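Novice: Dropping in final.cif, with mmCIF, C-alpha atoms.
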```cif
data_work
#
loop_
_atom_site.label_atom_id
_atom_site.label_comp_id
_atom_site.auth_asym_id
_atom_site.auth_seq_id
_atom_site.Cartn_x
_atom_site.Cartn_y
_atom_site.Cartn_z
CA MET A 8 0.00 0.00 0.00
CA VAL A 9 1.49 3.30 -1.03
CA LEU A 10 0.60 6.45 0.83
CA PHE A 11 1.01 9.71 -0.98
CA VAL A 12 1.74 12.51 1.42
CA CYS A 13 1.34 16.16 0.60
CA PHE A 14 4.37 18.10 1.83
CA GLU A 15 2.12 20.79 3.25
CA GLN A 16 0.86 18.30 5.81
CA LEU A 17 1.75 18.54 9.49
CA SER A 18 5.09 16.98 10.33
CA PRO A 19 3.78 14.36 12.81
CA ILE A 20 1.68 12.82 10.03
CA PHE A 21 4.65 12.96 7.68
CA LEU A 22 6.73 11.16 10.30
CA TYR A 23 4.06 8.51 10.77
CA ASN A 24 3.99 7.80 7.05
CA SER A 25 7.75 7.47 6.79
CA VAL A 26 7.69 4.99 9.70
CA SER A 27 5.08 2.82 7.97
CA TRP A 28 7.18 2.97 4.79
CA SER A 29 10.17 1.46 6.54
CA THR A 30 7.96 -1.09 8.27
CA LEU A 31 6.65 -2.09 4.88
CA ALA A 32 10.17 -2.38 3.51
CA MET A 33 11.23 -4.45 6.49
CA ASN A 34 8.20 -6.70 6.15
CA THR A 35 9.00 -7.41 2.54
CA THR A 36 12.52 -8.47 3.50
CA VAL A 37 11.19 -10.60 6.33
CA VAL A 38 8.72 -12.30 4.02
CA ALA A 39 11.39 -12.97 1.41
CA GLN A 40 13.70 -14.39 4.06
CA LEU A 41 10.99 -16.66 5.45
CA GLN A 42 10.01 -17.81 2.00
CA ARG A 43 13.62 -18.65 1.25
CA GLN A 44 13.90 -20.51 4.52
CA PHE A 45 10.73 -22.45 3.75
CA GLN A 46 11.88 -23.35 0.27
CA ASP A 47 15.27 -24.57 1.49
CA TYR A 48 13.71 -26.56 4.30
CA ILE A 49 11.14 -28.38 2.23
CA VAL A 50 13.71 -29.16 -0.47
CA SER A 51 15.99 -30.63 2.19
CA LEU A 52 13.15 -32.84 3.45
CA TYR A 53 12.74 -34.26 -0.03
CA GLN A 54 16.47 -34.63 -0.55
CA GLN A 55 16.97 -36.42 2.75
CA GLY A 56 14.21 -38.84 1.86
CA PHE A 57 11.72 -37.84 4.52
CA LEU A 58 9.16 -36.97 1.87
CA ASP A 59 8.43 -38.11 -1.66
CA SER A 60 6.40 -36.78 -4.58
CA GLN A 61 3.09 -37.79 -3.03
CA PHE A 62 3.60 -35.04 -0.45
CA SER A 63 3.87 -32.51 -3.23
CA GLU A 64 0.71 -34.00 -4.74
CA LEU A 65 -1.06 -33.24 -1.46
CA ARG A 66 0.26 -29.68 -1.45
CA LYS A 67 -1.37 -29.17 -4.83
CA LEU A 68 -4.71 -29.88 -3.17
CA GLN A 69 -4.29 -27.06 -0.69
CA ASP A 70 -5.68 -23.63 -1.54
CA GLU A 71 -7.32 -20.58 0.08
CA GLY A 72 -10.51 -22.59 0.48
CA SER A 73 -8.67 -25.45 2.21
CA PRO A 74 -5.56 -23.81 3.67
CA ASP A 75 -4.93 -26.50 6.29
CA PHE A 76 -5.51 -29.56 4.18
CA VAL A 77 -1.97 -30.90 4.34
CA SER A 78 -1.53 -30.38 8.07
CA GLU A 79 -4.92 -32.01 8.66
CA VAL A 80 -4.06 -35.07 6.63
CA VAL A 81 -0.65 -35.55 8.23
CA SER A 82 -2.22 -35.08 11.63
CA LEU A 83 -4.59 -37.96 10.88
CA PHE A 84 -1.60 -39.95 9.66
CA PHE A 85 0.38 -39.41 12.87
CA ASP A 86 -2.61 -40.40 14.98
CA ASP A 87 -2.92 -43.52 12.85
CA CYS A 88 0.80 -44.28 13.38
CA SER A 89 0.51 -43.98 17.12
CA LYS A 90 -2.53 -46.24 17.24
CA LEU A 91 -1.11 -48.90 14.92
CA ILE A 92 2.25 -48.95 16.67
CA ASN A 93 0.52 -49.54 19.99
CA THR A 94 -1.49 -52.45 18.58
CA MET A 95 1.55 -53.97 16.91
CA SER A 96 3.59 -53.58 20.06
CA ARG A 97 0.99 -55.62 21.92
CA SER A 98 1.04 -58.26 19.19
CA LEU A 99 4.79 -58.61 19.70
CA GLU A 100 4.79 -58.63 23.48
CA GLN A 101 4.81 -62.35 24.24
CA PRO A 102 7.74 -64.11 22.56
CA ASP A 103 5.94 -67.43 22.06
CA ASN A 104 2.56 -65.96 21.22
CA VAL A 105 3.04 -63.44 18.43
CA ASP A 106 0.00 -62.76 16.27
CA PHE A 107 1.81 -62.33 12.96
CA LYS A 108 -1.44 -62.09 11.07
CA GLN A 109 -2.57 -59.09 13.07
CA LEU A 110 0.93 -57.66 12.78
CA ASP A 111 0.86 -58.03 9.02
CA SER A 112 -2.48 -56.26 8.87
CA GLY A 113 -1.11 -53.38 10.93
CA VAL A 114 1.99 -53.05 8.78
CA HIS A 115 -0.16 -53.10 5.65
CA GLN A 116 -2.30 -50.27 6.97
CA LEU A 117 0.71 -48.24 8.02
CA LYS A 118 2.41 -48.76 4.69
CA GLY A 119 -0.74 -47.64 2.91
CA SER A 120 -1.25 -44.46 4.83
CA SER A 121 2.42 -43.50 4.78
CA SER A 122 2.38 -43.96 1.03
CA SER A 123 -0.72 -41.76 0.74
CA VAL A 124 0.92 -38.83 2.51
CA GLY A 125 4.39 -39.20 1.00
CA ALA A 126 6.09 -40.25 4.24
CA ARG A 127 8.92 -42.02 2.43
CA ARG A 128 11.11 -43.18 5.30
CA VAL A 129 8.16 -44.53 7.27
CA LYS A 130 6.96 -46.38 4.19
CA ASN A 131 10.38 -47.91 3.60
CA VAL A 132 10.58 -49.24 7.15
CA CYS A 133 7.14 -50.80 6.60
CA ILE A 134 8.50 -52.69 3.60
CA SER A 135 11.25 -54.22 5.77
CA PHE A 136 8.74 -54.79 8.53
CA LYS A 137 6.49 -56.78 6.22
CA GLU A 138 9.42 -58.97 5.19
CA CYS A 139 10.11 -59.77 8.85
CA CYS A 140 6.43 -60.61 9.37
CA ASP A 141 6.41 -62.90 6.36
CA VAL A 142 9.20 -65.03 7.80
CA GLN A 143 7.85 -64.67 11.34
CA ASN A 144 11.02 -63.06 12.60
CA ARG A 145 10.02 -61.57 15.95
CA GLU A 146 13.38 -59.94 16.62
CA GLY A 147 13.35 -58.33 13.21
CA CYS A 148 9.80 -57.15 13.78
CA LEU A 149 10.72 -55.57 17.10
CA ARG A 150 13.58 -53.68 15.45
CA CYS A 151 11.30 -52.48 12.66
CA LEU A 152 8.67 -51.41 15.16
CA GLN A 153 11.24 -49.34 17.01
CA GLN A 154 12.44 -47.84 13.76
CA VAL A 155 8.97 -46.97 12.50
CA ASP A 156 8.23 -45.29 15.81
CA TYR A 157 11.40 -43.24 15.52
CA GLU A 158 10.76 -42.29 11.89
CA TYR A 159 7.20 -41.12 12.31
CA LYS A 160 8.12 -39.01 15.34
CA MET A 161 11.05 -37.50 13.50
CA LEU A 162 8.83 -36.65 10.53
CA LYS A 163 6.24 -35.17 12.86
CA THR A 164 8.83 -32.77 14.27
CA LYS A 165 10.12 -31.83 10.84
CA LEU A 166 6.66 -31.14 9.46
CA GLN A 167 5.75 -29.13 12.53
CA ASP A 168 8.72 -26.90 11.80
CA LEU A 169 7.59 -26.63 8.19
CA PHE A 170 4.04 -25.68 9.12
CA ASN A 171 5.38 -23.12 11.60
CA LEU A 172 7.35 -21.50 8.82
CA GLU A 173 4.20 -21.42 6.72
CA GLN A 174 2.34 -19.64 9.51
CA GLN A 175 5.11 -17.11 9.92
CA ILE A 176 5.05 -16.32 6.22
CA LEU A 177 1.28 -15.85 6.26
CA GLN A 178 1.41 -13.70 9.37
CA ALA A 179 4.06 -11.50 7.77
CA GLY A 180 1.64 -11.00 4.87
CA GLY A 181 3.39 -13.26 2.38
CA THR A 182 2.31 -16.25 0.32
CA ILE A 183 3.61 -19.79 0.66
CA PRO A 184 5.91 -20.72 -2.21
CA GLN A 185 4.86 -23.49 -4.60
CA VAL A 186 7.74 -25.93 -4.51
CA ASP A 187 7.31 -28.62 -7.12
CA ILE A 188 9.19 -31.87 -6.64
CA ASN A 189 8.27 -34.45 -9.26
CA MET B 230 -33.88 -35.69 -8.38
CA ALA B 231 -36.16 -38.30 -6.89
CA VAL B 232 -36.89 -41.61 -8.56
CA GLY B 233 -39.84 -41.26 -10.89
CA GLU B 234 -39.36 -37.56 -11.53
CA VAL B 235 -39.24 -36.76 -15.20
CA MET B 236 -36.33 -34.67 -16.33
CA ARG B 237 -37.42 -32.18 -18.91
CA MET B 238 -34.96 -31.40 -21.65
CA GLU B 239 -34.92 -28.75 -24.27
CA ILE B 240 -34.51 -30.46 -27.61
CA PRO B 241 -33.45 -28.00 -30.30
CA ALA B 242 -34.87 -28.28 -33.80
CA GLY B 243 -31.57 -29.70 -35.06
CA GLY B 244 -32.15 -32.76 -32.89
CA ASP B 245 -28.76 -32.85 -31.24
CA LEU B 246 -29.17 -33.54 -27.58
CA THR B 247 -26.76 -31.58 -25.42
CA VAL B 248 -27.47 -32.05 -21.76
CA THR B 249 -25.64 -29.94 -19.19
CA THR B 250 -24.65 -32.59 -16.68
CA PRO B 251 -25.15 -31.75 -13.02
CA GLU B 252 -22.35 -32.33 -10.52
CA LEU B 253 -21.23 -35.97 -10.31
CA HIS B 254 -22.01 -37.61 -7.00
CA VAL B 255 -19.28 -40.03 -5.96
CA LEU B 256 -19.43 -42.61 -3.21
CA ALA B 257 -15.91 -43.29 -1.89
CA VAL B 258 -15.26 -46.40 0.18
CA ASP B 259 -12.04 -46.90 2.16
CA ASP B 260 -11.23 -48.24 5.61
CA SER B 261 -8.25 -45.88 5.99
CA ILE B 262 -9.15 -42.50 7.44
CA VAL B 263 -6.11 -40.94 5.78
CA ASP B 264 -7.08 -42.28 2.37
CA ARG B 265 -10.68 -41.21 2.84
CA LYS B 266 -9.57 -37.67 3.52
CA VAL B 267 -7.30 -37.63 0.49
CA ILE B 268 -9.79 -39.14 -1.95
CA GLU B 269 -12.49 -36.82 -0.70
CA ARG B 270 -10.33 -33.80 -1.36
CA LEU B 271 -9.23 -35.09 -4.76
CA LEU B 272 -12.86 -35.51 -5.78
CA ARG B 273 -14.07 -32.23 -4.30
CA ILE B 274 -11.33 -30.29 -6.05
CA SER B 275 -12.49 -31.99 -9.25
CA SER B 276 -15.98 -30.54 -8.67
CA CYS B 277 -17.65 -33.71 -7.52
CA LYS B 278 -20.07 -34.13 -4.69
CA VAL B 279 -18.60 -36.74 -2.33
CA THR B 280 -19.92 -39.16 0.24
CA THR B 281 -17.33 -41.24 2.08
CA VAL B 282 -17.92 -44.46 3.99
CA GLU B 283 -15.49 -46.67 5.86
CA SER B 284 -16.52 -50.12 4.70
CA GLY B 285 -18.23 -52.19 2.05
CA THR B 286 -21.04 -52.92 4.49
CA ARG B 287 -21.62 -49.22 5.09
CA ALA B 288 -21.57 -48.65 1.34
CA LEU B 289 -24.33 -51.20 0.83
CA GLN B 290 -26.32 -49.65 3.65
CA TYR B 291 -25.95 -46.23 2.06
CA LEU B 292 -27.08 -47.53 -1.31
CA GLY B 293 -30.00 -49.36 0.24
CA LEU B 294 -28.67 -52.71 -0.94
CA ASP B 295 -28.29 -54.25 2.48
CA GLY B 296 -31.68 -55.91 2.30
CA GLY B 297 -32.98 -53.60 4.99
CA LYS B 298 -35.50 -50.83 4.85
CA GLY B 299 -33.23 -48.75 2.66
CA ALA B 300 -34.74 -50.16 -0.52
CA SER B 301 -37.23 -47.33 -0.85
CA ASN B 302 -34.58 -44.68 -0.33
CA LEU B 303 -32.52 -45.06 -3.49
CA LYS B 304 -29.57 -42.72 -3.66
CA GLU B 305 -28.34 -41.12 -6.85
CA VAL B 306 -24.72 -42.02 -7.29
CA ASN B 307 -22.80 -41.51 -10.51
CA LEU B 308 -19.58 -43.23 -9.54
CA ILE B 309 -18.34 -45.54 -6.83
CA VAL B 310 -14.66 -45.55 -5.92
CA THR B 311 -13.58 -48.27 -3.56
CA ASP B 312 -10.44 -49.63 -1.95
CA TYR B 313 -9.78 -53.28 -2.66
CA SER B 314 -8.38 -54.55 0.65
CA MET B 315 -10.83 -53.83 3.40
CA PRO B 316 -11.79 -55.91 6.42
CA GLY B 317 -15.11 -57.70 5.98
CA LEU B 318 -16.38 -57.01 2.48
CA THR B 319 -13.52 -56.42 0.08
CA GLY B 320 -13.78 -53.97 -2.80
CA TYR B 321 -14.25 -56.94 -5.07
CA ASP B 322 -17.17 -58.25 -2.99
CA LEU B 323 -18.71 -54.80 -3.06
CA LEU B 324 -18.25 -54.60 -6.83
CA LYS B 325 -20.06 -57.90 -7.27
CA LYS B 326 -22.98 -56.84 -5.11
CA ILE B 327 -23.32 -53.58 -7.03
CA LYS B 328 -23.26 -55.33 -10.39
CA GLU B 329 -25.87 -57.81 -9.15
CA SER B 330 -28.27 -55.02 -8.18
CA SER B 331 -30.76 -53.72 -10.70
CA ALA B 332 -30.63 -50.21 -9.25
CA PHE B 333 -26.89 -49.70 -9.41
CA ARG B 334 -25.43 -52.08 -11.96
CA GLU B 335 -25.03 -49.25 -14.47
CA VAL B 336 -23.05 -47.13 -12.00
CA PRO B 337 -19.33 -47.24 -12.84
CA VAL B 338 -17.14 -48.72 -10.12
CA VAL B 339 -13.43 -47.93 -9.80
CA ILE B 340 -11.20 -50.10 -7.63
CA MET B 341 -8.13 -48.68 -5.83
CA SER B 342 -5.31 -50.76 -4.47
CA SER B 343 -1.80 -50.25 -3.16
CA GLU B 344 -0.82 -53.60 -4.68
CA ASN B 345 -0.16 -54.08 -8.36
CA ILE B 346 -1.37 -57.69 -8.58
CA LEU B 347 -2.29 -58.60 -12.14
CA PRO B 348 -4.74 -61.46 -11.37
CA ARG B 349 -6.53 -59.12 -8.95
CA ILE B 350 -6.79 -56.40 -11.59
CA GLU B 351 -8.07 -58.85 -14.19
CA GLU B 352 -10.59 -60.29 -11.77
CA CYS B 353 -11.99 -56.83 -11.03
CA LEU B 354 -12.17 -55.75 -14.65
CA LYS B 355 -13.85 -59.03 -15.55
CA GLU B 356 -16.46 -58.42 -12.87
CA GLY B 357 -17.23 -55.08 -14.48
CA ALA B 358 -14.99 -52.54 -12.79
CA GLU B 359 -14.52 -49.45 -14.89
CA GLU B 360 -10.91 -48.95 -13.91
CA PHE B 361 -8.27 -50.06 -11.47
CA LEU B 362 -6.22 -47.32 -9.80
CA LEU B 363 -2.90 -47.90 -8.13
CA LYS B 364 -2.47 -46.09 -4.82
CA PRO B 365 -1.39 -43.51 -3.87
CA VAL B 366 -4.07 -41.83 -5.96
CA LYS B 367 -3.12 -38.53 -7.60
CA LEU B 368 -5.11 -35.64 -8.99
CA ALA B 369 -4.31 -36.73 -12.56
CA ASP B 370 -5.94 -40.13 -11.84
CA VAL B 371 -9.14 -38.54 -10.57
CA LYS B 372 -9.29 -36.11 -13.48
CA ARG B 373 -8.91 -38.99 -15.91
CA ILE B 374 -11.65 -41.02 -14.22
CA LYS B 375 -13.98 -38.06 -14.22
CA GLN B 376 -13.42 -37.46 -17.94
CA LEU B 377 -14.09 -41.13 -18.63
CA ILE B 378 -17.37 -41.04 -16.70
CA MET B 379 -18.51 -37.79 -18.32
CA ARG B 380 -17.68 -39.12 -21.76
CA ASN B 381 -19.63 -42.33 -21.09
CA GLU B 382 -22.65 -40.34 -20.00
CA ALA B 383 -22.39 -38.08 -23.06
CA GLU B 384 -22.31 -41.21 -25.22
CA GLU B 385 -25.45 -42.43 -23.49
CA CYS B 386 -27.18 -39.14 -24.26
CA LYS B 387 -26.11 -39.29 -27.88
CA THR B 388 -27.42 -42.83 -28.26
CA LEU B 389 -30.73 -41.80 -26.78
CA SER B 390 -30.94 -38.75 -28.98
CA HIS B 391 -30.37 -40.89 -32.06
CA SER B 392 -32.94 -43.42 -31.02
CA ASN B 393 -35.39 -40.59 -30.38
CA LYS B 394 -34.80 -39.25 -33.87
CA ARG B 395 -35.32 -42.68 -35.35
CA LYS B 396 -38.54 -43.21 -33.45
CA LEU B 397 -39.87 -39.80 -34.46
CA GLN B 398 -39.05 -40.73 -38.05
CA GLU B 399 -40.99 -44.00 -37.72
CA ASP B 400 -43.99 -42.19 -36.26
CA CYS B 401 -44.01 -39.68 -39.09
CA ASP B 402 -43.89 -42.46 -41.67
CA THR B 403 -46.73 -44.51 -40.16
CA SER B 404 -49.07 -41.60 -39.48
CA SER B 405 -48.62 -39.94 -42.88
CA SER B 406 -49.52 -43.18 -44.66
CA SER B 407 -52.81 -43.69 -42.81
CA SER B 408 -54.29 -40.19 -42.39
CA SER B 409 -53.95 -36.71 -43.81
CA HIS B 410 -50.89 -34.85 -42.60
CA ASP B 411 -51.29 -33.43 -39.13
CA ASP B 412 -48.09 -32.60 -37.35
CA SER B 413 -49.69 -31.88 -33.98
CA SER B 414 -51.11 -35.36 -33.61
CA VAL B 415 -47.69 -36.83 -34.27
CA ASN B 416 -46.29 -34.81 -31.39
CA ASP B 417 -49.11 -35.64 -28.99
CA THR B 418 -49.29 -39.36 -28.55
CA PRO B 419 -46.88 -42.25 -29.07
CA SER B 420 -43.63 -40.34 -29.72
CA SER B 421 -44.05 -37.99 -26.76
CA LYS B 422 -44.78 -40.95 -24.47
CA ARG B 423 -41.63 -42.65 -25.72
CA MET B 424 -39.59 -39.49 -25.20
CA LYS B 425 -40.84 -39.31 -21.63
CA SER B 426 -39.70 -42.85 -20.91
CA GLU B 427 -36.33 -42.13 -22.55
CA SER B 428 -35.81 -39.17 -20.29
CA GLU B 429 -36.75 -41.32 -17.32
CA ASN B 430 -33.96 -43.68 -18.32
CA LEU B 431 -31.62 -40.72 -18.59
CA SER B 432 -32.60 -39.48 -15.17
CA SER B 433 -31.42 -42.76 -13.66
CA LEU B 434 -27.90 -41.81 -14.78
CA PHE B 435 -27.88 -38.78 -12.49
#
```
Would you put the structure from the file into structure tokens?
Specialist:
Amino acid sequence: MVLFVCFEQLSPIFLYNSVSWSTLAMNTTVVAQLQRQFQDYIVSLYQQGFLDSQFSELRKLQDEGSPDFVSEVVSLFFDDCSKLINTMSRSLEQPDNVDFKQLDSGVHQLKGSSSSVGARRVKNVCISFKECCDVQNREGCLRCLQQVDYEYKMLKTKLQDLFNLEQQILQAGGTIPQVDIN
Amino acid sequence: MAVGEVMRMEIPAGGDLTVTTPELHVLAVDDSIVDRKVIERLLRISSCKVTTVESGTRALQYLGLDGGKGASNLKEVNLIVTDYSMPGLTGYDLLKKIKESSAFREVPVVIMSSENILPRIEECLKEGAEEFLLKPVKLADVKRIKQLIMRNEAEECKTLSHSNKRKLQEDCDTSSSSSSHDDSSVNDTPSSKRMKSESENLSSLF
């Protein structure tokens, strides 16, 4: 917003306008900096294998009408992870009484939902997990369970940071960059 | 539109039937809450009206095919998209039940699966599935499905329009041979009744 000030105006008003000018200039820099930060961060998440192209597919579905779509979906995913991991943990509790069928079903579900949100590392652990289930390797399954727990929590933290950056950009009056990874 | 309601269409003198299709209503079936949310958004963003259910059983209940009281409450559904692997009724079981029903056998059914198993795909297509989508489903997949469905419905309209033209032709021929030419009588009776029943058939598509 540009304010045109007539020089004949009283000096206090003139001063006020020059202050809002510099605030505007500062805001623009802040926005640009945040946008750059966001871009770098999301690219690094893809590069480090936390996310794959399905995540960028989900971002395409977000707009002004549904501005929280991605965070809502991943939130459902993390809840799902927590629930499934608990169930699978119980299945693995007793060494001589492991319900591999139930375990397999849990892994299948987790693999499916991680694939749907682009949670690449989580999905990859699920692939190994399934292999351990298939051969009824309890030790292997326990390791995979631990790993999947670690990966989903790690991703949760990373995405929280990403969404925070998004909020900061919006609050500073900027728009979230469209980063296309395909 | 309720069952039995006649859809009135403007038929231009040229005879070419162009119907502006209302929004497609899609029933999406998936036991995963994450996938339900995604498919719902994919469909909404593609301008479809969406109803999601979490199981094959729920889907049958919604459609009134569960043998319960729902029979009188037929829903209008233009497309059913279902996951294959679900506890209880699988997507394949659901597909079979839909194809067995008189009310919904013409509704296209699309199966989604995270597993690329050829015998499974063949089995579904043989049972009458319109398409088989590999998960994770993307916007391009949904757009393609929608185009396919819209094109099929446009084909249906065209076929009906042609058969209408033919029937009008037949009426003209028979009436002109028996009595003196009177266009109004041709429009009044048999052909208009036939056109009404054709439009009733069309309404079942929407």
Novice: Tell me, counting only C-alpha atoms, for each residue of chain A within 7 Å of chain B, which pair of atoms is nearest and how far apart they are in Å to one decimal, in rows ordered by chain and increasing number, as CSV.
Specialist:
```
residue,atom,partner,partner_atom,distance
A:Glu64,CA,B:Lys367,CA,6.6
A:Val80,CA,B:Val263,CA,6.3
A:Leu83,CA,B:Val263,CA,6.1
A:Phe84,CA,B:Val263,CA,6.0
A:Gly119,CA,B:Ser343,CA,6.7
A:Ser120,CA,B:Val263,CA,6.1
A:Ser122,CA,B:Pro365,CA,6.2
A:Ser123,CA,B:Pro365,CA,5.0
```
Novice: With distances taken over only C-alpha atoms, which residue among A:Cys133, A:Cys139, A:Val186, A:Leu31 lies nearest Tyr159 in chain A?
Specialist: A:Cys133
Novice: Write out as a PyMOL selection string which residues come within 9 Å of Ser63 in chain A when counting only C-alpha atoms, dropping same-chain ones fewer than 4 positions away.
Specialist: chain A and resi 58-59+67-68+125+186-189
Novice: Quote the spacing between CA of Leu162 in chain A and CA of Phe57 in chain A in Å to one decimal place.
Specialist: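 Straight-line distance from CA of Leu162 in chain A to CA of Phe57 in chain A works out to 6.8 Å.
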Novice: Would you kindly return, as a PyMOL selection string, each protein, DNA or RNA residue with an atom no farther than 7 Å from any atom of Glu283 in chain B, considering only C-alpha atoms and excluding same-chain residues fewer than 3 positions away?
Specialist: chain B and resi 258-260+287
Novice: Distance CA of Gln143 in chain A-CA of Ser96 in chain A, one decimal place?
Specialist: 14.7 Å
Novice: Which one is closest to Gln376 in chain B: B:Arg334, B:Glu269, B:Gly285, B:Ser275? Count all atoms listed in the file.
Specialist: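 Answer, going by the shortest atom-to-atom distance: B:Ser275.
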Novice: May I have the residues within 6 Å of Phe361 in chain B as a compact mmCIF listing (two decimals) with C-alpha atoms, in the coordinates of the input, using all atoms listed in the file and disregarding those fewer than 4 positions away in the same chain?
Specialist:
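Result written to part.txt:
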```
# COMPACT_ATOMS: atom_id res chain seq x y z
CA VAL B 339 -13.43 -47.93 -9.80
CA ILE B 340 -11.20 -50.10 -7.63
CA MET B 341 -8.13 -48.68 -5.83
```
Novice: So, counting only C-alpha atoms, which residue among B:Tyr313, B:Ser331, B:Asp322, B:Leu272 is closest to Asn345 in chain B?
Specialist: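 Of all the options, B:Tyr313 lies closest to Asn345 in chain B.
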Novice: Would you work out the distance separating CA of Ala358 in chain B from CA of Val255 in chain B, expressed in Å to one decimal?
Specialist: 14.9 Å
Novice: Enumerate, as an mmCIF file with C-alpha atoms, in the coordinates of the input, the residues matched when the PyMOL selection byres ((chain A and resi 45) around 10) is run on the file above.
Specialist:
```cif
data_model
loop_
_atom_site.group_PDB
_atom_site.id
_atom_site.type_symbol
_atom_site.label_atom_id
_atom_site.label_comp_id
_atom_site.auth_asym_id
_atom_site.auth_seq_id
_atom_site.Cartn_x
_atom_site.Cartn_y
_atom_site.Cartn_z
ATOM 1 C CA ALA A 39 11.390 -12.970 1.410
ATOM 2 C CA GLN A 40 13.700 -14.390 4.060
ATOM 3 C CA LEU A 41 10.990 -16.660 5.450
ATOM 4 C CA GLN A 42 10.010 -17.810 2.000
ATOM 5 C CA ARG A 43 13.620 -18.650 1.250
ATOM 6 C CA GLN A 44 13.900 -20.510 4.520
ATOM 7 C CA GLN A 46 11.880 -23.350 0.270
ATOM 8 C CA ASP A 47 15.270 -24.570 1.490
ATOM 9 C CA TYR A 48 13.710 -26.560 4.300
ATOM 10 C CA ILE A 49 11.140 -28.380 2.230
ATOM 11 C CA VAL A 50 13.710 -29.160 -0.470
ATOM 12 C CA SER A 51 15.990 -30.630 2.190
ATOM 13 C CA ASP A 168 8.720 -26.900 11.800
ATOM 14 C CA LEU A 169 7.590 -26.630 8.190
ATOM 15 C CA PHE A 170 4.040 -25.680 9.120
ATOM 16 C CA ASN A 171 5.380 -23.120 11.600
ATOM 17 C CA LEU A 172 7.350 -21.500 8.820
ATOM 18 C CA GLU A 173 4.200 -21.420 6.720
ATOM 19 C CA GLN A 175 5.110 -17.110 9.920
ATOM 20 C CA ILE A 176 5.050 -16.320 6.220
ATOM 21 C CA ILE A 183 3.610 -19.790 0.660
ATOM 22 C CA PRO A 184 5.910 -20.720 -2.210
ATOM 23 C CA VAL A 186 7.740 -25.930 -4.510
#
```
Novice: Show me, as a list in words, the residues that have an atom within 8 Å of Asp111 in chain A when counting only C-alpha atoms, minus same-chain residues fewer than 5 positions from it.
Specialist: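 What passes the distance filter is Lys137, Cys140 and Asp141 of chain A.
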Novice: Can you translate the PyMOL selection byres ((chain B and resi 357) around 10) into the concrete residues it hits in this file, as a VMD selection string?
Specialist: chain B and resid 324 to 325 327 to 328 334 to 335 337 to 339 351 to 356 358 to 360
